[in-house]
>>> print(open('data_9.cif').read())   # mmCIF, C-alpha atoms and all ligand atoms
data_query
loop_
_atom_site.label_atom_id
_atom_site.label_comp_id
_atom_site.auth_asym_id
_atom_site.auth_seq_id
_atom_site.Cartn_x
_atom_site.Cartn_y
_atom_site.Cartn_z
CA MET A 1 0.00 0.00 0.00
CA ILE A 2 1.33 3.43 -0.97
CA SER A 3 0.01 6.37 1.08
CA VAL A 4 0.27 9.86 -0.41
CA LYS A 5 -0.53 13.10 1.42
CA VAL A 6 -1.64 15.98 -0.80
CA PRO A 7 -2.44 19.57 0.29
CA ALA A 8 -5.42 21.80 -0.28
CA SER A 9 -4.86 24.85 -2.43
CA SER A 10 -6.29 28.33 -2.74
CA ALA A 11 -6.18 29.66 -6.29
CA ASN A 12 -6.38 33.09 -7.95
CA LEU A 13 -5.27 34.95 -4.78
CA GLY A 14 -7.35 37.94 -5.89
CA ALA A 15 -6.07 39.26 -9.23
CA GLY A 16 -4.20 36.16 -10.45
CA PHE A 17 -7.05 34.36 -12.14
CA ASP A 18 -5.95 30.88 -13.33
CA CYS A 19 -2.26 31.71 -12.73
CA MET A 20 -1.59 32.05 -8.99
CA GLY A 21 -2.24 29.63 -6.15
CA VAL A 22 -0.90 28.50 -2.78
CA ALA A 23 -0.84 25.09 -1.10
CA LEU A 24 -2.25 24.99 2.45
CA LYS A 25 -1.65 22.71 5.44
CA LEU A 26 -4.94 20.87 5.07
CA TYR A 27 -4.62 17.45 3.50
CA ASN A 28 -6.23 14.53 1.76
CA ILE A 29 -4.62 11.12 2.01
CA ILE A 30 -4.72 8.79 -0.99
CA GLU A 31 -3.89 5.13 -0.36
CA VAL A 32 -3.37 2.92 -3.40
CA GLU A 33 -2.53 -0.75 -3.78
CA GLU A 34 -2.34 -3.16 -6.71
CA ILE A 35 -4.70 -6.13 -6.15
CA GLU A 36 -5.36 -9.30 -8.14
CA LYS A 37 -8.31 -7.88 -10.08
CA GLY A 38 -11.10 -5.28 -10.09
CA LEU A 39 -11.41 -1.73 -8.75
CA ILE A 40 -12.26 -1.10 -5.09
CA ILE A 41 -12.72 2.52 -3.99
CA THR A 42 -13.52 3.62 -0.46
CA SER A 43 -13.58 7.11 1.03
CA SER A 44 -14.01 8.74 4.43
CA PRO A 45 -15.87 10.80 5.16
CA ASP A 46 -17.95 9.61 2.25
CA ASP A 47 -19.82 12.01 0.00
CA PRO A 48 -22.49 11.31 -2.64
CA SER A 49 -20.41 13.21 -5.22
CA ILE A 50 -17.47 10.79 -4.81
CA ALA A 51 -17.79 8.13 -7.51
CA LYS A 52 -16.79 4.57 -6.53
CA ASP A 53 -16.18 3.36 -10.07
CA GLU A 54 -14.04 4.40 -13.04
CA ASN A 55 -15.64 7.86 -12.87
CA ASN A 56 -13.81 8.57 -9.62
CA LEU A 57 -11.54 11.58 -10.08
CA VAL A 58 -8.53 9.99 -8.35
CA PHE A 59 -8.89 6.87 -10.51
CA LYS A 60 -9.20 8.99 -13.67
CA ALA A 61 -6.03 10.87 -12.71
CA MET A 62 -4.19 7.59 -12.04
CA LYS A 63 -5.30 6.24 -15.41
CA THR A 64 -3.74 9.21 -17.24
CA VAL A 65 -0.39 8.08 -15.82
CA PHE A 66 -0.94 4.40 -16.69
CA ASP A 67 -1.89 5.44 -20.25
CA GLU A 68 1.19 7.67 -20.47
CA VAL A 69 3.69 5.04 -19.29
CA GLY A 70 1.93 2.02 -20.80
CA TRP A 71 1.61 0.07 -17.53
CA TYR A 72 -1.60 -1.07 -15.86
CA PRO A 73 -2.14 -2.76 -12.49
CA ARG A 74 -3.94 -6.12 -12.49
CA GLY A 75 -6.49 -4.58 -10.15
CA LEU A 76 -6.55 -1.47 -7.93
CA ARG A 77 -7.65 -0.61 -4.41
CA ILE A 78 -8.00 3.15 -3.64
CA ASN A 79 -8.83 4.47 -0.18
CA LEU A 80 -9.47 8.21 0.19
CA ILE A 81 -9.24 10.05 3.50
CA ASN A 82 -10.63 13.51 2.83
CA GLU A 83 -9.85 16.44 5.13
CA ILE A 84 -10.26 19.01 2.34
CA PRO A 85 -13.93 20.01 2.13
CA LEU A 86 -15.33 19.21 -1.29
CA THR A 87 -16.46 21.89 -3.74
CA ARG A 88 -15.62 24.77 -1.43
CA GLY A 89 -12.86 26.45 -3.47
CA LEU A 90 -10.00 24.77 -1.58
CA GLY A 91 -8.73 22.63 -4.43
CA SER A 92 -10.28 19.30 -3.46
CA SER A 93 -10.49 18.31 -7.12
CA ALA A 94 -6.89 19.42 -7.72
CA ALA A 95 -5.79 17.39 -4.69
CA CYS A 96 -7.41 14.31 -6.24
CA ILE A 97 -5.79 14.96 -9.60
CA SER A 98 -2.28 15.82 -8.39
CA GLY A 99 -2.34 13.23 -5.60
CA GLY A 100 -3.66 10.55 -7.94
CA ILE A 101 -1.00 11.28 -10.55
CA TYR A 102 1.74 11.31 -7.91
CA ALA A 103 0.57 7.97 -6.43
CA ALA A 104 0.13 6.31 -9.85
CA ASN A 105 3.63 7.36 -10.87
CA LEU A 106 5.05 5.67 -7.77
CA LEU A 107 2.95 2.55 -8.32
CA SER A 108 4.03 2.27 -11.97
CA GLY A 109 7.78 2.62 -11.39
CA GLY A 110 8.37 6.40 -11.24
CA LYS A 111 8.85 6.90 -14.97
CA LEU A 112 7.40 10.44 -15.12
CA SER A 113 9.42 13.51 -14.11
CA GLU A 114 8.00 16.16 -11.79
CA GLU A 115 7.56 18.47 -14.80
CA GLU A 116 5.59 15.79 -16.65
CA MET A 117 3.36 15.18 -13.62
CA ILE A 118 2.76 18.93 -13.20
CA TYR A 119 1.74 19.19 -16.86
CA LEU A 120 -0.55 16.13 -16.76
CA ALA A 121 -2.30 17.49 -13.66
CA ALA A 122 -2.77 21.01 -15.05
CA LYS A 123 -4.04 19.65 -18.39
CA MET A 124 -6.60 17.48 -16.59
CA GLU A 125 -7.72 20.27 -14.22
CA GLY A 126 -7.77 22.77 -17.09
CA HIS A 127 -5.78 25.43 -15.23
CA PRO A 128 -2.46 25.19 -13.31
CA ASP A 129 -3.18 27.38 -10.27
CA ASN A 130 -4.51 24.62 -7.99
CA SER A 131 -2.88 21.47 -9.38
CA THR A 132 0.67 22.89 -9.41
CA PRO A 133 0.81 23.97 -5.72
CA ALA A 134 -0.98 20.73 -4.82
CA MET A 135 1.81 18.81 -6.58
CA ILE A 136 4.89 20.79 -5.43
CA GLY A 137 3.69 23.05 -2.60
CA GLY A 138 4.44 26.72 -2.04
CA LEU A 139 2.89 29.77 -3.64
CA VAL A 140 3.05 29.22 -7.37
CA PHE A 141 2.88 31.52 -10.38
CA ALA A 142 2.00 29.25 -13.30
CA VAL A 143 0.96 29.33 -16.96
CA LEU A 144 -0.31 26.27 -18.85
CA GLU A 145 1.32 26.12 -22.31
CA ASP A 146 0.73 23.59 -25.10
CA LYS A 147 3.02 20.89 -23.76
CA LYS A 148 4.26 22.17 -20.40
CA VAL A 149 3.56 24.40 -17.43
CA ASN A 150 5.83 27.40 -17.00
CA TYR A 151 5.93 28.15 -13.27
CA ILE A 152 7.87 29.67 -10.42
CA LYS A 153 7.48 28.30 -6.86
CA PHE A 154 7.89 30.67 -3.92
CA VAL A 155 8.46 29.11 -0.49
CA VAL A 156 6.04 30.91 1.85
CA PRO A 157 7.44 32.00 5.24
CA THR A 158 5.51 30.93 8.35
CA ARG A 159 4.99 34.61 9.28
CA LEU A 160 2.27 34.77 6.59
CA LYS A 161 -0.91 33.01 7.62
CA PHE A 162 -4.06 32.18 5.65
CA ALA A 163 -7.37 32.75 7.43
CA VAL A 164 -9.89 30.47 5.74
CA PHE A 165 -13.65 31.04 5.93
CA ILE A 166 -15.61 27.96 4.76
CA PRO A 167 -19.41 28.18 4.40
CA ASP A 168 -21.86 25.30 4.76
CA PHE A 169 -22.80 25.32 1.06
CA GLN A 170 -21.02 24.17 -2.09
CA LEU A 171 -20.25 26.06 -5.30
CA SER A 172 -18.97 23.92 -8.14
CA THR A 173 -15.95 25.26 -9.94
CA GLU A 174 -17.48 24.32 -13.29
CA TYR A 175 -20.58 26.41 -12.55
CA ALA A 176 -18.52 29.30 -11.16
CA ARG A 177 -16.44 29.29 -14.36
CA ASN A 178 -19.45 29.13 -16.66
CA ILE A 179 -20.96 32.31 -15.22
CA LEU A 180 -17.91 34.41 -16.07
CA PRO A 181 -18.21 36.80 -19.05
CA LYS A 182 -16.68 35.74 -22.36
CA TYR A 183 -15.38 39.28 -22.93
CA ILE A 184 -14.21 41.99 -20.55
CA GLU A 185 -13.36 45.67 -20.91
CA PHE A 186 -9.76 46.56 -21.72
CA LYS A 187 -9.51 48.67 -18.56
CA ASP A 188 -10.49 45.70 -16.38
CA ALA A 189 -7.77 43.55 -17.96
CA VAL A 190 -5.23 46.30 -17.30
CA PHE A 191 -6.53 46.60 -13.72
CA ASN A 192 -5.85 42.90 -13.03
CA ILE A 193 -2.47 42.76 -14.77
CA GLY A 194 -1.25 45.54 -12.51
CA ARG A 195 -2.56 44.00 -9.28
CA ALA A 196 -1.30 40.49 -10.12
CA THR A 197 2.15 41.90 -10.85
CA LEU A 198 2.10 43.95 -7.67
CA PHE A 199 1.02 40.87 -5.71
CA ALA A 200 3.88 38.77 -7.05
CA SER A 201 6.40 41.49 -6.14
CA ALA A 202 4.86 42.23 -2.72
CA ILE A 203 4.67 38.57 -1.66
CA THR A 204 8.17 37.68 -2.79
CA THR A 205 9.80 40.78 -1.28
CA GLY A 206 7.79 40.58 1.96
CA ASN A 207 6.23 44.02 1.36
CA TYR A 208 2.88 42.95 2.78
CA GLU A 209 1.55 46.51 3.14
CA LEU A 210 0.91 46.45 -0.63
CA LEU A 211 -1.22 43.29 -0.46
CA PRO A 212 -4.62 44.93 0.20
CA ALA A 213 -4.24 46.88 -3.05
CA ALA A 214 -2.59 43.96 -4.89
CA THR A 215 -5.43 41.52 -4.19
CA GLN A 216 -8.18 43.56 -5.87
CA ASP A 217 -9.86 41.89 -8.84
CA ARG A 218 -12.28 42.73 -11.66
CA LEU A 219 -12.17 39.48 -13.65
CA HIS A 220 -14.06 36.98 -11.52
CA GLN A 221 -15.06 38.15 -8.04
CA PRO A 222 -17.63 40.77 -9.15
CA TYR A 223 -19.60 37.96 -10.83
CA ARG A 224 -19.07 35.17 -8.33
CA LYS A 225 -19.74 37.23 -5.18
CA LYS A 226 -23.41 37.40 -6.24
CA LEU A 227 -23.56 33.67 -5.42
CA ILE A 228 -22.14 34.25 -1.92
CA PRO A 229 -24.48 36.54 0.08
CA ASP A 230 -22.02 37.03 2.96
CA PHE A 231 -19.02 37.82 0.74
CA ASP A 232 -18.73 41.56 1.45
CA LYS A 233 -19.41 41.10 5.18
CA ILE A 234 -16.62 38.53 5.54
CA VAL A 235 -14.12 40.48 3.41
CA ASN A 236 -14.84 43.78 5.20
CA LEU A 237 -14.66 42.08 8.61
CA SER A 238 -11.23 40.64 7.72
CA LEU A 239 -9.86 43.97 6.49
CA GLU A 240 -11.31 45.79 9.52
CA PHE A 241 -9.38 43.44 11.83
CA GLY A 242 -6.13 44.02 9.95
CA ALA A 243 -5.94 41.39 7.22
CA LYS A 244 -3.47 42.13 4.41
CA GLY A 245 -6.10 41.43 1.79
CA ALA A 246 -9.17 39.19 1.61
CA PHE A 247 -10.61 37.48 -1.44
CA LEU A 248 -12.43 34.48 -2.86
CA SER A 249 -10.55 31.20 -2.51
CA GLY A 250 -10.42 29.78 -6.03
CA ALA A 251 -13.91 29.78 -7.52
CA GLY A 252 -15.40 29.95 -4.01
CA PRO A 253 -17.44 29.89 -1.90
CA SER A 254 -14.64 29.90 0.69
CA ILE A 255 -12.92 33.19 1.41
CA ILE A 256 -9.26 33.67 2.30
CA ALA A 257 -7.66 36.52 4.25
CA LEU A 258 -3.90 37.08 4.50
CA VAL A 259 -2.71 37.71 8.06
CA ASP A 260 0.78 38.38 9.42
CA GLU A 261 2.30 38.12 12.91
CA ASN A 262 -0.78 39.50 14.69
CA TYR A 263 -2.86 36.49 13.66
CA GLU A 264 -3.83 35.49 17.21
CA ILE A 265 -5.53 38.83 17.84
CA PHE A 266 -7.11 38.61 14.38
CA GLU A 267 -8.37 35.08 15.12
CA GLN A 268 -9.96 36.13 18.41
CA ASN A 269 -11.61 39.20 16.90
CA VAL A 270 -13.02 37.20 13.98
CA LYS A 271 -14.38 34.42 16.20
CA ASN A 272 -16.13 36.98 18.42
CA ALA A 273 -17.53 38.83 15.41
CA LEU A 274 -18.76 35.69 13.62
CA ALA A 275 -20.61 34.63 16.77
CA ASN A 276 -22.59 37.88 16.79
CA MET A 277 -23.17 38.58 13.07
CA GLU A 278 -26.35 38.07 11.07
CA LEU A 279 -25.07 35.88 8.22
CA ALA A 280 -26.87 33.97 5.50
CA ALA A 281 -24.69 30.86 5.95
CA ASN A 282 -22.84 29.10 8.74
CA TRP A 283 -19.10 29.67 8.37
CA ASP A 284 -16.24 27.51 9.64
CA PHE A 285 -13.09 29.49 10.30
CA MET A 286 -9.49 28.34 10.63
CA ILE A 287 -6.02 29.82 10.27
CA LEU A 288 -3.59 27.77 8.18
CA GLU A 289 0.01 28.09 7.12
CA ALA A 290 1.17 27.46 3.59
CA ASP A 291 2.34 23.96 2.74
CA ASN A 292 5.71 24.15 1.00
CA SER A 293 6.10 20.45 0.13
CA GLY A 294 3.14 19.45 -2.03
CA ALA A 295 2.27 15.80 -2.61
CA THR A 296 4.46 13.50 -0.50
CA VAL A 297 4.66 9.81 0.31
CA PHE A 298 4.34 9.00 3.95
CA SER A 299 4.22 5.23 3.82
CA VAL A 300 5.05 2.50 1.35
CA GLN A 301 4.80 -1.27 1.74
CA SER A 302 7.43 -2.70 -0.61
CA THR A 303 5.00 -5.15 -2.29
CA SER A 304 3.20 -2.10 -3.75
CA LEU A 305 6.13 -0.78 -5.76
CA LYS A 306 6.46 -2.06 -9.33
CA ARG A 307 9.99 -3.27 -9.93
N1 LIG B 1 -12.02 14.17 -2.40
C1 LIG B 1 -12.61 13.88 -3.57
N2 LIG B 1 -12.73 12.59 -3.97
C2 LIG B 1 -13.29 12.30 -5.16
N3 LIG B 1 -13.79 13.21 -6.02
C3 LIG B 1 -13.68 14.52 -5.66
C4 LIG B 1 -13.09 14.92 -4.44
N4 LIG B 1 -13.11 16.29 -4.37
C5 LIG B 1 -13.69 16.72 -5.51
N5 LIG B 1 -14.03 15.66 -6.26
C6 LIG B 1 -14.69 15.68 -7.56
O1 LIG B 1 -14.36 16.90 -8.22
C7 LIG B 1 -15.56 17.53 -8.63
C8 LIG B 1 -15.33 19.01 -8.79
O2 LIG B 1 -14.90 19.57 -7.56
P1 LIG B 1 -14.73 21.18 -7.56
O3 LIG B 1 -16.03 21.81 -7.80
O4 LIG B 1 -13.60 21.55 -8.45
O5 LIG B 1 -14.33 21.41 -6.05
P2 LIG B 1 -13.10 22.24 -5.48
O6 LIG B 1 -13.49 23.65 -5.55
O7 LIG B 1 -12.99 21.72 -4.10
O8 LIG B 1 -11.92 21.88 -6.35
C9 LIG B 1 -16.56 17.14 -7.55
O9 LIG B 1 -17.90 17.26 -8.01
C10 LIG B 1 -16.21 15.66 -7.34
O10 LIG B 1 -16.79 14.85 -8.35
N1 LIG B 2 -8.77 29.62 -11.32
C1 LIG B 2 -9.84 28.71 -10.98
C2 LIG B 2 -9.58 28.16 -9.58
C3 LIG B 2 -10.59 27.14 -9.13
O1 LIG B 2 -10.23 26.72 -7.82
P1 LIG B 2 -11.19 25.73 -6.98
O2 LIG B 2 -10.44 25.44 -5.72
O3 LIG B 2 -12.47 26.48 -6.75
O4 LIG B 2 -11.42 24.52 -7.85
C4 LIG B 2 -11.19 29.43 -11.06
O5 LIG B 2 -11.26 30.52 -10.51
O6 LIG B 2 -12.14 28.88 -11.67
#
>>> encode(input="data_9.cif", output="structure tokens")
Amino acid sequence: MISVKVPASSANLGAGFDCMGVALKLYNIIEVEEIEKGLIITSSPDDPSIAKDENNLVFKAMKTVFDEVGWYPRGLRINLINEIPLTRGLGSSAACISGGIYAANLLSGGKLSEEEMIYLAAKMEGHPDNSTPAMIGGLVFAVLEDKKVNYIKFVVPTRLKFAVFIPDFQLSTEYARNILPKYIEFKDAVFNIGRATLFASAITTGNYELLPAATQDRLHQPYRKKLIPDFDKIVNLSLEFGAKGAFLSGAGPSIIALVDENYEIFEQNVKNALANMELAANWDFMILEADNSGATVFSVQSTSLKR
């Protein structure tokens, strides 16, 4: 049995639609084992959206590797231990894809390079901003090209924390992508290019005072926030208590706020405020650090590795 740990991810980071994302210390575990025949898939906690046949996302990701390297197990057992809430904008699908590819590569003899795995994952997900940090960790700036992903990984210091607000309703990424406009005004494109560039510079130089300005967006949040009634309340609350920017996590509905050393005071203020606010949804709240490792193996029984 091979056990792989793969992190959640928060994509876009405000202005960086489809090209910026960060891995977070919240994990799924994917256990895979070759068996004599058949396909056995189990998951905990279970969820009706998790397929237990060849439509399962982890299995589909594993099969892209087997097709690529021309090796197939006789049969496969997959056990999923899911800490990442599904369909909340925290990269649960990307964790399945990147974790599945990483596990399948180990099971099939490690023939694919890290670059090849990053590309396979981004191609399957359709955009590299979740799958790439899920695979390699860190805060990633990434562009999906024809046959590769061009990316830079930044190792995030522990002084920067990620306050995550998770509501009790789902918002599918596919739906949240379909509602976006096909065309935007030139000035809005220029607005986002500037903020995304400023974000990249501010985060890598540690100039966090620029982050509230650098995390503004006109490409996706104005449309998606209409699906999240509490969006403005949560963002304004975060900024009021000193967050260095607050924005939709991926396609939502979760919201992320960037917090620095004063995160304990921030955490206490937010918990008090959430307990007394009139909100449309129930919100879980946690403060996470960035994961800088990505998908990793944390146990292997030698019989599982193909020689
Ligand atoms: N842990 C999981 N195990 C299996 N399938 C999953 C898991 N997480 C997500 N999926 C599949 O991915 C689909 C799309 O998820 P998505 O809307 O992208 O969520 P997220 O925003 O968390 O990435 C889900 O409907 C489900 O079929
Ligand atoms: N850039 C994508 C990111 C989707 O992230 P997810 O965690 O919601 O799947 C988008 O904004 O659609």
>>> residues_around(input="data_9.cif", residues="region 160-173 of chain A", least_positions_apart="2", cutoff="7 Å", atoms="only C-alpha atoms", output="list in words")
Thr87, Arg88, Pro157, Thr158, Tyr175, Ala176, Arg177, Ala251, Gly252, Pro253, Ser254, Ile255, Ile256, Ala257, Leu258, Val259, Asp260, Ala281, Asn282, Trp283, Asp284, Phe285, Met286, Ile287, Leu288 and Glu289 of chain A
>>> residues_near_ligand(input="data_9.cif", ligand="ligand LIG 1 (chain B)", cutoff="6 Å", atoms="all atoms listed in the file", output="JSON, numbers by chain")
{"A": [49, 50, 56, 57, 82, 86, 87, 88, 89, 90, 91, 92, 93, 94, 96, 172, 173]}
>>> atom_distance(input="data_9.cif", atom1="CA of Ile179 (chain A)", atom2="CA of Ala290 (chain A)")
29.4 Å
>>> closest_residue(input="data_9.cif", among="A:Arg77, A:Lys25, A:Arg195, A:Lys148", to="Leu13 (chain A)", atoms="all atoms listed in the file")
A:Arg195
>>> closest_residue(input="data_9.cif", among="A:Ser131, A:Asn105, A:Ser43, A:Asn55", to="ligand LIG 2 (chain B)", atoms="all atoms listed in the file")
A:Ser131
>>> build_atoms(input="data_9.cif", residues="region 238-249 of chain A", atoms="all heavy atoms", output="PDB file, in the frame of the given file")
ATOM      1  N   SER A 238     -12.655  41.023   7.725  1.00  0.00           N
ATOM      2  CA  SER A 238     -11.230  40.640   7.720  1.00  0.00           C
ATOM      3  C   SER A 238     -10.336  41.864   7.618  1.00  0.00           C
ATOM      4  O   SER A 238      -9.364  42.022   8.362  1.00  0.00           O
ATOM      5  CB  SER A 238     -10.943  39.691   6.559  1.00  0.00           C
ATOM      6  OG  SER A 238     -11.742  38.527   6.671  1.00  0.00           O
ATOM      7  N   LEU A 239     -10.682  42.763   6.688  1.00  0.00           N
ATOM      8  CA  LEU A 239      -9.860  43.970   6.490  1.00  0.00           C
ATOM      9  C   LEU A 239      -9.940  44.871   7.724  1.00  0.00           C
ATOM     10  O   LEU A 239      -8.939  45.441   8.163  1.00  0.00           O
ATOM     11  CB  LEU A 239     -10.309  44.696   5.227  1.00  0.00           C
ATOM     12  CG  LEU A 239     -10.120  43.901   3.915  1.00  0.00           C
ATOM     13  CD1 LEU A 239     -10.766  44.651   2.747  1.00  0.00           C
ATOM     14  CD2 LEU A 239      -8.653  43.606   3.650  1.00  0.00           C
ATOM     15  N   GLU A 240     -11.127  44.941   8.320  1.00  0.00           N
ATOM     16  CA  GLU A 240     -11.310  45.790   9.520  1.00  0.00           C
ATOM     17  C   GLU A 240     -10.410  45.308  10.664  1.00  0.00           C
ATOM     18  O   GLU A 240      -9.835  46.083  11.415  1.00  0.00           O
ATOM     19  CB  GLU A 240     -12.786  45.707   9.943  1.00  0.00           C
ATOM     20  CG  GLU A 240     -13.174  46.515  11.165  1.00  0.00           C
ATOM     21  CD  GLU A 240     -14.588  46.153  11.640  1.00  0.00           C
ATOM     22  OE1 GLU A 240     -15.435  45.819  10.778  1.00  0.00           O
ATOM     23  OE2 GLU A 240     -14.813  46.141  12.865  1.00  0.00           O
ATOM     24  N   PHE A 241     -10.215  44.000  10.755  1.00  0.00           N
ATOM     25  CA  PHE A 241      -9.380  43.440  11.830  1.00  0.00           C
ATOM     26  C   PHE A 241      -7.922  43.300  11.407  1.00  0.00           C
ATOM     27  O   PHE A 241      -7.145  42.601  12.061  1.00  0.00           O
ATOM     28  CB  PHE A 241      -9.953  42.099  12.279  1.00  0.00           C
ATOM     29  CG  PHE A 241     -11.237  42.211  13.062  1.00  0.00           C
ATOM     30  CD1 PHE A 241     -12.275  41.335  12.812  1.00  0.00           C
ATOM     31  CD2 PHE A 241     -11.419  43.211  14.010  1.00  0.00           C
ATOM     32  CE1 PHE A 241     -13.474  41.428  13.520  1.00  0.00           C
ATOM     33  CE2 PHE A 241     -12.600  43.332  14.713  1.00  0.00           C
ATOM     34  CZ  PHE A 241     -13.638  42.447  14.461  1.00  0.00           C
ATOM     35  N   GLY A 242      -7.550  43.919  10.266  1.00  0.00           N
ATOM     36  CA  GLY A 242      -6.130  44.020   9.950  1.00  0.00           C
ATOM     37  C   GLY A 242      -5.587  43.034   8.953  1.00  0.00           C
ATOM     38  O   GLY A 242      -4.355  42.922   8.795  1.00  0.00           O
ATOM     39  N   ALA A 243      -6.460  42.318   8.242  1.00  0.00           N
ATOM     40  CA  ALA A 243      -5.940  41.390   7.220  1.00  0.00           C
ATOM     41  C   ALA A 243      -5.242  42.169   6.115  1.00  0.00           C
ATOM     42  O   ALA A 243      -5.594  43.294   5.799  1.00  0.00           O
ATOM     43  CB  ALA A 243      -7.096  40.581   6.617  1.00  0.00           C
ATOM     44  N   LYS A 244      -4.217  41.514   5.518  1.00  0.00           N
ATOM     45  CA  LYS A 244      -3.470  42.130   4.410  1.00  0.00           C
ATOM     46  C   LYS A 244      -4.105  41.705   3.085  1.00  0.00           C
ATOM     47  O   LYS A 244      -3.433  41.223   2.195  1.00  0.00           O
ATOM     48  CB  LYS A 244      -2.012  41.667   4.452  1.00  0.00           C
ATOM     49  CG  LYS A 244      -1.305  41.898   5.753  1.00  0.00           C
ATOM     50  CD  LYS A 244      -1.132  43.362   6.033  1.00  0.00           C
ATOM     51  CE  LYS A 244      -0.319  43.590   7.309  1.00  0.00           C
ATOM     52  NZ  LYS A 244      -0.474  44.951   7.833  1.00  0.00           N
ATOM     53  N   GLY A 245      -5.420  41.840   3.018  1.00  0.00           N
ATOM     54  CA  GLY A 245      -6.100  41.430   1.790  1.00  0.00           C
ATOM     55  C   GLY A 245      -7.043  40.279   2.102  1.00  0.00           C
ATOM     56  O   GLY A 245      -6.744  39.435   2.946  1.00  0.00           O
ATOM     57  N   ALA A 246      -8.185  40.274   1.418  1.00  0.00           N
ATOM     58  CA  ALA A 246      -9.170  39.190   1.610  1.00  0.00           C
ATOM     59  C   ALA A 246      -9.903  39.007   0.284  1.00  0.00           C
ATOM     60  O   ALA A 246     -10.245  39.989  -0.384  1.00  0.00           O
ATOM     61  CB  ALA A 246     -10.154  39.540   2.718  1.00  0.00           C
ATOM     62  N   PHE A 247     -10.091  37.735  -0.095  1.00  0.00           N
ATOM     63  CA  PHE A 247     -10.610  37.480  -1.440  1.00  0.00           C
ATOM     64  C   PHE A 247     -11.171  36.065  -1.523  1.00  0.00           C
ATOM     65  O   PHE A 247     -10.992  35.253  -0.617  1.00  0.00           O
ATOM     66  CB  PHE A 247      -9.490  37.657  -2.482  1.00  0.00           C
ATOM     67  CG  PHE A 247      -8.168  37.128  -1.994  1.00  0.00           C
ATOM     68  CD1 PHE A 247      -7.875  35.769  -2.069  1.00  0.00           C
ATOM     69  CD2 PHE A 247      -7.234  37.982  -1.406  1.00  0.00           C
ATOM     70  CE1 PHE A 247      -6.670  35.277  -1.584  1.00  0.00           C
ATOM     71  CE2 PHE A 247      -6.010  37.489  -0.937  1.00  0.00           C
ATOM     72  CZ  PHE A 247      -5.737  36.129  -1.014  1.00  0.00           C
ATOM     73  N   LEU A 248     -11.844  35.797  -2.634  1.00  0.00           N
ATOM     74  CA  LEU A 248     -12.430  34.480  -2.860  1.00  0.00           C
ATOM     75  C   LEU A 248     -11.310  33.447  -2.974  1.00  0.00           C
ATOM     76  O   LEU A 248     -10.291  33.697  -3.611  1.00  0.00           O
ATOM     77  CB  LEU A 248     -13.226  34.543  -4.165  1.00  0.00           C
ATOM     78  CG  LEU A 248     -14.326  33.538  -4.400  1.00  0.00           C
ATOM     79  CD1 LEU A 248     -15.402  33.635  -3.319  1.00  0.00           C
ATOM     80  CD2 LEU A 248     -14.959  33.766  -5.775  1.00  0.00           C
ATOM     81  N   SER A 249     -11.513  32.288  -2.354  1.00  0.00           N
ATOM     82  CA  SER A 249     -10.550  31.200  -2.510  1.00  0.00           C
ATOM     83  C   SER A 249     -10.944  30.409  -3.757  1.00  0.00           C
ATOM     84  O   SER A 249     -12.030  29.822  -3.810  1.00  0.00           O
ATOM     85  CB  SER A 249     -10.574  30.284  -1.288  1.00  0.00           C
ATOM     86  OG  SER A 249      -9.663  29.215  -1.470  1.00  0.00           O
TER      87      SER A 249
END
